[in-house]
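One structure is given here, and the rest of the page talks about it.
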Amino acid sequence: MPIPSMGVNMKIWGISDTHFQNGQVDSMSKWGEVWVHHTEKIIANWNTVVGNDDLVLIGGDICWSVRLDQAMTNINMIDRLPGKMKIIIPGNHDNWWQDYDTLRKAMPETIHPLIGNALKIDGQVICGARGWISPNDPDFEILDRNTFDKEMVLLKQSLDAALDLDPVDGIHVLMHFPPFTTKGHQTPFFKLILEYPVITCTYGHFHVKKEWDALPKGKIQGIDFHLTSADYLENKPTLVWQG
Ligand SMILES: [Fe+2]
C-alpha cells in the first residue's frame with residue numbers, strides 16, 4: 001500500500017510509555033502528579049503541538065491491554081489524533097502485540113507497526129525495534145540473553161531495510177529500550193546504530209529521575225538522541241526532527 005506523501009514542512013514528534021489504561025481502574029496516579037489524568041493531558045498536548053501533516057514515533061508501552069481487541073480502543077484513539085502517520089513499536093508491557101500481518105490488518109490507515117521493516121514517508125526513512133537490556137548492563141540476567149539476541153537481529157533487519165530505502169537525509173531509529181545501560185554506558189545496540197547513517201534515535205522505558213539523569217541525550221557521535229518517556233516529557237510529544 002503506498003504511503004501518502006506529506007508536506008515539505010513535516011515535523012517528526014516522539015513519545016513513548018503512554019501506558020494508556022482503556023477503561024481499567026486508574027492505577028497510574030499513585031506514581032505521581034504527572035500520571036493523574038495523564039491520558040487527557042497527552043491528548044490535549046498532542047492536539048496542541050502535532051500538525052496534520054506530521055509524523056509521530058510512538059516508542060512502546062503504549063497501553064496496558066493484554067489482547068489486541070482491547071488495545072484497539074487506544075489504537076483507534078491514537079488514529080483520531082493529529083498526524084498523518086504514527087509509527088509504533090512494542091515496549092516490554094505491550095502484551096497485545098502480534099505478528100506483522102495480524103497487526104497490519106488490524107491497524108487503521110494512519111498507524112504502522114515496525115517489526116524488522118522500515119518505512120519511507122515523504123523522503124524520511126524510519127526504522128527501529130524494541131531493544132532489550134544489554135549484557136553490559138548491571139541488571140542483565142542470563143534469561144535476558146535470548147530476547148537480547150532476537151532484538152539485535154530485528155534492529156539490524158530494520159536498519160538494513162532502511163538502507164535499502166535510500167535514506168538521503170539519514171535514518172530515524174525508534175526504540176523502546178535505550179541503547180544505553182542504566183548507568184548511561186553505550187550498548188551493542190548503540191554500536192550497531194553507529195554502523196548506519198542514523199541521524200535521530202528515540203528511546204523510553206525508564207520512569208525514574210535518577211535513571212533519566214544517567215541517560216545520554218542530545219547529539220552523540222552525530223546522532224540526536226531523545227528520551228521520550230511520557231512522564232519525562234510531562235505528557236507532551238517532543239520534537240525529534242523538522243524538515
Ligand atoms: Fe514504560
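Going by the C-alpha cells order, chains are called A, B, ..., each with residues numbered from 1, while ligands are numbered from 1 in the order shown.
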So which bits of stretch 21-204 of chain A end up alpha helix (DSSP H) when you DSSP the backbone, as a VMD selection string? chain A and resid 38 to 49 68 to 80 100 to 106 145 to 164 188 to 194
Residue neighbourhood stretch 147-155 of chain A, 10 Å, only C-alpha atoms, exclusion window fewer than 3 positions, as a compact mmCIF listing (two decimals) with C-alpha atoms, in the first residue's frame:
```
# COMPACT_ATOMS: atom_id res chain seq x y z
CA LEU A 114 7.70 -1.86 12.82
CA ILE A 115 8.88 -5.48 13.04
CA GLY A 116 12.19 -5.76 11.20
CA ASN A 117 10.91 -3.44 8.45
CA CYS A 127 13.12 2.02 11.31
CA GLY A 128 13.53 0.57 14.78
CA ALA A 129 12.99 -2.21 17.28
CA ARG A 130 12.02 -2.67 20.91
CA GLY A 131 15.59 -3.39 22.03
CA TRP A 132 16.24 -5.03 25.40
CA ILE A 133 18.51 -4.91 28.43
CA SER A 134 22.10 -5.48 27.23
CA PRO A 135 24.82 -7.81 28.54
CA PHE A 140 21.33 -8.11 32.86
CA LEU A 143 17.38 -15.15 30.99
CA ASP A 144 17.69 -11.86 29.08
CA SER A 158 15.17 -2.93 10.21
CA LEU A 159 18.35 -0.85 9.66
CA ASP A 160 19.18 -2.89 6.53
CA ALA A 161 15.61 -2.33 5.25
CA VAL A 173 15.59 4.98 14.68
CA LEU A 174 12.69 4.29 17.05
CA MET A 175 13.40 2.17 20.15
CA PRO A 188 25.71 -3.22 21.45
CA PHE A 189 22.51 -1.57 20.10
CA LEU A 192 25.01 -1.30 15.69
CA ILE A 193 23.25 2.03 15.09
```
Contacts of A:Gln242 at 8 Å or less, counting only C-alpha atoms, minus same-chain residues fewer than 4 places along, as a list of chain:residue names? A:Asn9, A:Met10, A:Lys11, A:Ile12
Using only C-alpha atoms and all ligand atoms, find each residue with an atom at most 9 Å away from ligand 1 and format the answer as number ranges by chain. A: 16-19, 60-62, 91-93, 176, 204-207, 229-230
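If you measure from each of A:Val49, A:Ile42, A:Leu163, A:Val36 to A:Val198 using only C-alpha atoms, the closest one turns out to be A:Leu163.
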Residue nearest A:Asp101 among A:Asp69, A:Pro113, A:Asp54, A:Met28 (counting only C-alpha atoms):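 Among the listed residues, the smallest separation from A:Asp101 belongs to A:Pro113.
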